[in-house]
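Notes follow once the structure below has been shown.
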Amino acid sequence: GNGDSILIISPAGKAVLVDAGDAGKGKVILDALKRYNVQQLEYFIATHPHPDHLGAADEVLRLTKVLNVIDNGLAPAGWEPTPTPTPSAKVLKNVKPAAKKLDKKASIIRFYEEYREVVSQGGAHYEKAEPGQKFDLGGGAFLTILAPTQPFFTKEQMKAGGNEPNANSVVARLDYGDFSMLLPADAEQQTEQRMLTKDQNLQTDVLKVSHHGSK
């Protein structure tokens with residue numbers, strides 16, 4: 001598959017995980033964290049709500065201490081918060097609860113429900129990504145948020161190609177001394193064009209090609 005997850009460790013030992021790949025692939029990420037002796041994540045950045053970027057987030061975040069979570073604040077289409085169950089006034093004995101049937105759409109976006117749940121239970125500080133935010137990772141390493149900018153892209157604006165969750169991806173820039181790297185997640189052409197109109201430094205040493213290099 002084309003799951004996406006990037007681990008950054010600063011010279012000061014602060015770790016950042018950008019996305020968490022496909023569902024069922026959490027062990028791959030957890031093994032990498034163990035291999036590099038990462039005890040906790042300073043930041044977990046969820047670039048956008050697609051399962052190939054957040055599918056294993058619940059697996060990873062349940063077993064890893066995370067201090068800060070950053071995402072774009074957008075949910076996948078069709079997602080609604082699970083209502084809090086109200087206690088029943090009368091309990092019927094020996095009555096089995098009806099099996100909960102998930103429709104196809106609900107099962108597709110279940111990963112987002114699981115991500116939200118683990119973030120709310122984990123106690124990490126949550127922050128919505130905003131262009132211009134700069135995070136000091138220590139040792140001279142900095143991570144800067146470049147996108148998304150508001151107003152967010154809509155489905156109507158994507159008729160020429162691409163989709164709005166990708167277009168509204170969190171785009172970040174890593175700087176360390178003379179080294180720089182651009183992390184555009186699944187940014188679309190429309191995202192790139194918008195960033196070019198902003199006063200942002202997009203020239204970098206390394207470009208992580210957006211959308212897994214498939215487009």
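Following the order of the structure tokens, first chain is A, next is B, and so on, with residues numbered from 1 inside each chain and ligands from 1 in the order they appear.
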Quick one: residues within 7 Å of Asp175 in chain A, only C-alpha atoms counted, chain neighbours fewer than 3 positions away excluded, as a VMD selection string?
-> chain A and resid 141 to 143 179 to 181
Prev. selection, all heavy atoms, output as an mmCIF file, in the first residue's frame:
```cif
data_model
loop_
_atom_site.group_PDB
_atom_site.id
_atom_site.type_symbol
_atom_site.label_atom_id
_atom_site.label_comp_id
_atom_site.auth_asym_id
_atom_site.auth_seq_id
_atom_site.Cartn_x
_atom_site.Cartn_y
_atom_site.Cartn_z
ATOM 1 N N ALA A 141 16.741 22.763 15.521
ATOM 2 C CA ALA A 141 15.751 22.234 14.565
ATOM 3 C C ALA A 141 14.386 22.879 14.814
ATOM 4 O O ALA A 141 13.956 23.015 15.958
ATOM 5 C CB ALA A 141 15.640 20.721 14.703
ATOM 6 N N PHE A 142 13.747 23.281 13.730
ATOM 7 C CA PHE A 142 12.435 23.929 13.821
ATOM 8 C C PHE A 142 11.486 23.323 12.787
ATOM 9 O O PHE A 142 11.897 22.969 11.678
ATOM 10 C CB PHE A 142 12.554 25.436 13.564
ATOM 11 C CG PHE A 142 13.324 26.179 14.609
ATOM 12 C CD1 PHE A 142 14.700 26.332 14.495
ATOM 13 C CD2 PHE A 142 12.688 26.708 15.724
ATOM 14 C CE1 PHE A 142 15.427 27.009 15.465
ATOM 15 C CE2 PHE A 142 13.409 27.387 16.699
ATOM 16 C CZ PHE A 142 14.785 27.541 16.573
ATOM 17 N N LEU A 143 10.219 23.228 13.169
ATOM 18 C CA LEU A 143 9.177 22.769 12.257
ATOM 19 C C LEU A 143 8.162 23.888 12.112
ATOM 20 O O LEU A 143 7.632 24.383 13.107
ATOM 21 C CB LEU A 143 8.503 21.508 12.811
ATOM 22 C CG LEU A 143 7.666 20.684 11.828
ATOM 23 C CD1 LEU A 143 8.566 20.009 10.797
ATOM 24 C CD2 LEU A 143 6.870 19.619 12.578
ATOM 25 N N PHE A 179 20.150 22.778 6.462
ATOM 26 C CA PHE A 179 19.309 21.728 5.862
ATOM 27 C C PHE A 179 17.833 22.090 5.998
ATOM 28 O O PHE A 179 17.395 22.614 7.022
ATOM 29 C CB PHE A 179 19.564 20.386 6.556
ATOM 30 C CG PHE A 179 18.600 19.299 6.128
ATOM 31 C CD1 PHE A 179 18.810 18.595 4.955
ATOM 32 C CD2 PHE A 179 17.471 19.002 6.886
ATOM 33 C CE1 PHE A 179 17.932 17.604 4.551
ATOM 34 C CE2 PHE A 179 16.583 18.010 6.500
ATOM 35 C CZ PHE A 179 16.819 17.309 5.320
ATOM 36 N N SER A 180 17.059 21.780 4.958
ATOM 37 C CA SER A 180 15.611 22.006 5.020
ATOM 38 C C SER A 180 14.883 20.909 4.245
ATOM 39 O O SER A 180 15.420 20.321 3.302
ATOM 40 C CB SER A 180 15.249 23.376 4.441
ATOM 41 O OG SER A 180 15.717 23.486 3.107
ATOM 42 N N MET A 181 13.659 20.640 4.668
ATOM 43 C CA MET A 181 12.851 19.600 4.029
ATOM 44 C C MET A 181 11.395 20.028 4.043
ATOM 45 O O MET A 181 10.896 20.527 5.049
ATOM 46 C CB MET A 181 13.017 18.272 4.778
ATOM 47 C CG MET A 181 12.290 17.102 4.150
ATOM 48 S SD MET A 181 12.667 15.541 5.021
ATOM 49 C CE MET A 181 11.778 14.363 4.000
#
```
Would you return as a ChimeraX atom specification the members of range 4-202 of chain A that DSSP assigns to alpha helix (DSSP H) on this structure's backbone?
-> /A:26-35,51-54,57-62,104-108,110-122,164-167,189-196
Restrict the selected residues to N, CA and C atoms and save them as a compact mmCIF listing (two decimals), in the first residue's frame.
```
# COMPACT_ATOMS: atom_id res chain seq x y z
N GLY A 26 0.49 -0.44 12.51
CA GLY A 26 1.01 0.21 13.70
C GLY A 26 2.30 -0.41 14.21
N LYS A 27 2.43 -1.73 14.07
CA LYS A 27 3.63 -2.42 14.58
C LYS A 27 4.89 -1.91 13.87
N VAL A 28 4.77 -1.61 12.59
CA VAL A 28 5.92 -1.11 11.83
C VAL A 28 6.42 0.19 12.45
N ILE A 29 5.47 1.07 12.79
CA ILE A 29 5.83 2.37 13.37
C ILE A 29 6.34 2.20 14.80
N LEU A 30 5.66 1.36 15.57
CA LEU A 30 6.09 1.13 16.96
C LEU A 30 7.49 0.51 17.01
N ASP A 31 7.78 -0.37 16.05
CA ASP A 31 9.12 -0.98 15.98
C ASP A 31 10.17 0.09 15.68
N ALA A 32 9.81 1.03 14.80
CA ALA A 32 10.75 2.11 14.46
C ALA A 32 11.00 3.01 15.67
N LEU A 33 9.95 3.31 16.42
CA LEU A 33 10.10 4.13 17.62
C LEU A 33 11.01 3.43 18.64
N LYS A 34 10.84 2.13 18.76
CA LYS A 34 11.67 1.36 19.68
C LYS A 34 13.12 1.31 19.20
N ARG A 35 13.29 1.14 17.90
CA ARG A 35 14.63 1.05 17.31
C ARG A 35 15.43 2.32 17.54
N PRO A 51 -7.42 7.29 5.49
CA PRO A 51 -6.95 6.10 6.20
C PRO A 51 -5.51 5.69 5.91
N ASP A 52 -4.96 6.10 4.76
CA ASP A 52 -3.57 5.74 4.48
C ASP A 52 -2.58 6.65 5.21
N HIS A 53 -3.11 7.65 5.92
CA HIS A 53 -2.27 8.53 6.74
C HIS A 53 -2.60 8.41 8.23
N LEU A 54 -3.83 8.03 8.54
CA LEU A 54 -4.25 7.96 9.95
C LEU A 54 -4.76 6.59 10.36
N ALA A 57 -3.14 5.28 13.47
CA ALA A 57 -2.93 6.28 14.53
C ALA A 57 -3.38 5.76 15.90
N ASP A 58 -4.52 5.09 15.94
CA ASP A 58 -5.01 4.61 17.23
C ASP A 58 -4.07 3.56 17.82
N GLU A 59 -3.52 2.68 16.96
CA GLU A 59 -2.58 1.65 17.44
C GLU A 59 -1.33 2.29 18.04
N VAL A 60 -0.81 3.30 17.34
CA VAL A 60 0.44 3.94 17.76
C VAL A 60 0.23 4.81 19.00
N LEU A 61 -0.83 5.63 18.98
CA LEU A 61 -1.04 6.58 20.07
C LEU A 61 -1.48 5.92 21.36
N ARG A 62 -2.09 4.76 21.28
CA ARG A 62 -2.48 4.05 22.51
C ARG A 62 -1.26 3.54 23.27
N LYS A 104 -21.27 0.60 4.82
CA LYS A 104 -19.96 0.68 4.16
C LYS A 104 -19.29 2.02 4.44
N LYS A 105 -20.07 3.09 4.38
CA LYS A 105 -19.51 4.43 4.58
C LYS A 105 -18.96 4.57 6.00
N ALA A 106 -19.71 4.06 6.98
CA ALA A 106 -19.28 4.17 8.38
C ALA A 106 -17.98 3.40 8.61
N SER A 107 -17.86 2.22 7.98
CA SER A 107 -16.65 1.42 8.19
C SER A 107 -15.44 2.09 7.56
N ILE A 108 -15.64 2.82 6.48
CA ILE A 108 -14.54 3.50 5.81
C ILE A 108 -13.97 4.61 6.68
N ARG A 110 -14.28 4.78 10.02
CA ARG A 110 -14.12 4.33 11.40
C ARG A 110 -12.75 4.71 11.95
N PHE A 111 -11.74 4.72 11.07
CA PHE A 111 -10.39 5.06 11.51
C PHE A 111 -10.35 6.44 12.16
N TYR A 112 -11.19 7.37 11.67
CA TYR A 112 -11.18 8.73 12.20
C TYR A 112 -11.81 8.77 13.58
N GLU A 113 -12.85 7.99 13.77
CA GLU A 113 -13.49 7.88 15.08
C GLU A 113 -12.48 7.34 16.09
N GLU A 114 -11.72 6.34 15.67
CA GLU A 114 -10.72 5.73 16.57
C GLU A 114 -9.60 6.72 16.88
N TYR A 115 -9.20 7.50 15.87
CA TYR A 115 -8.17 8.53 16.07
C TYR A 115 -8.65 9.57 17.08
N ARG A 116 -9.87 10.06 16.89
CA ARG A 116 -10.42 11.07 17.79
C ARG A 116 -10.52 10.54 19.23
N GLU A 117 -10.93 9.30 19.32
CA GLU A 117 -11.12 8.69 20.64
C GLU A 117 -9.79 8.59 21.39
N VAL A 118 -8.74 8.12 20.71
CA VAL A 118 -7.46 7.94 21.37
C VAL A 118 -6.82 9.28 21.73
N VAL A 119 -7.06 10.31 20.92
CA VAL A 119 -6.54 11.64 21.23
C VAL A 119 -7.22 12.21 22.47
N SER A 120 -8.55 12.04 22.55
CA SER A 120 -9.29 12.58 23.70
C SER A 120 -8.94 11.85 24.98
N GLN A 121 -8.63 10.57 24.87
CA GLN A 121 -8.31 9.77 26.07
C GLN A 121 -6.85 9.92 26.50
N GLY A 122 -5.99 10.30 25.56
CA GLY A 122 -4.55 10.30 25.84
C GLY A 122 -4.04 11.48 26.64
N GLU A 164 -10.71 17.53 -1.86
CA GLU A 164 -10.51 18.58 -0.85
C GLU A 164 -9.79 18.11 0.41
N PRO A 165 -9.96 16.86 0.88
CA PRO A 165 -9.15 16.48 2.05
C PRO A 165 -7.64 16.56 1.76
N ASN A 166 -7.24 16.11 0.57
CA ASN A 166 -5.83 16.21 0.19
C ASN A 166 -5.40 17.67 0.07
N ALA A 167 -6.24 18.47 -0.57
CA ALA A 167 -5.90 19.88 -0.81
C ALA A 167 -5.76 20.66 0.50
N GLN A 189 -2.37 20.19 -6.49
CA GLN A 189 -1.85 21.30 -7.29
C GLN A 189 -2.42 22.64 -6.82
N GLN A 190 -3.70 22.61 -6.45
CA GLN A 190 -4.35 23.84 -5.96
C GLN A 190 -3.68 24.34 -4.68
N THR A 191 -3.26 23.39 -3.81
CA THR A 191 -2.56 23.76 -2.58
C THR A 191 -1.24 24.44 -2.90
N GLU A 192 -0.52 23.84 -3.83
CA GLU A 192 0.79 24.38 -4.21
C GLU A 192 0.66 25.77 -4.80
N GLN A 193 -0.35 25.95 -5.65
CA GLN A 193 -0.56 27.26 -6.28
C GLN A 193 -0.88 28.31 -5.22
N ARG A 194 -1.69 27.93 -4.23
CA ARG A 194 -2.05 28.88 -3.18
C ARG A 194 -0.82 29.24 -2.35
N MET A 195 0.01 28.26 -2.03
CA MET A 195 1.22 28.53 -1.22
C MET A 195 2.18 29.46 -1.96
N LEU A 196 2.21 29.34 -3.28
CA LEU A 196 3.10 30.19 -4.07
C LEU A 196 2.68 31.66 -4.03
```
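Here the question is which of A:Val69, A:Ile45, A:Leu74, A:Met158 gets nearest to Ile145 in chain A using only C-alpha atoms, and that residue is A:Ile45.
Going from CA of His50 in chain A to CA of Tyr176 in chain A covers 29.1 Å.
Interatomic distance, CA of Ile9 in chain A against CA of Lys198 in chain A: 28.5 Å.
Omitting Pro11 in chain A and its sequence neighbours fewer than 6 positions away, and counting only C-alpha atoms, the residues within 8 Å are Gly138, Gly139, Gly140 and Ala141 of chain A.
Using only C-alpha atoms for every distance, the candidate list A:Ser10, A:Thr197, A:Asn2, A:Asn68 yields A:Asn68 as the residue closest to Ala124 in chain A.
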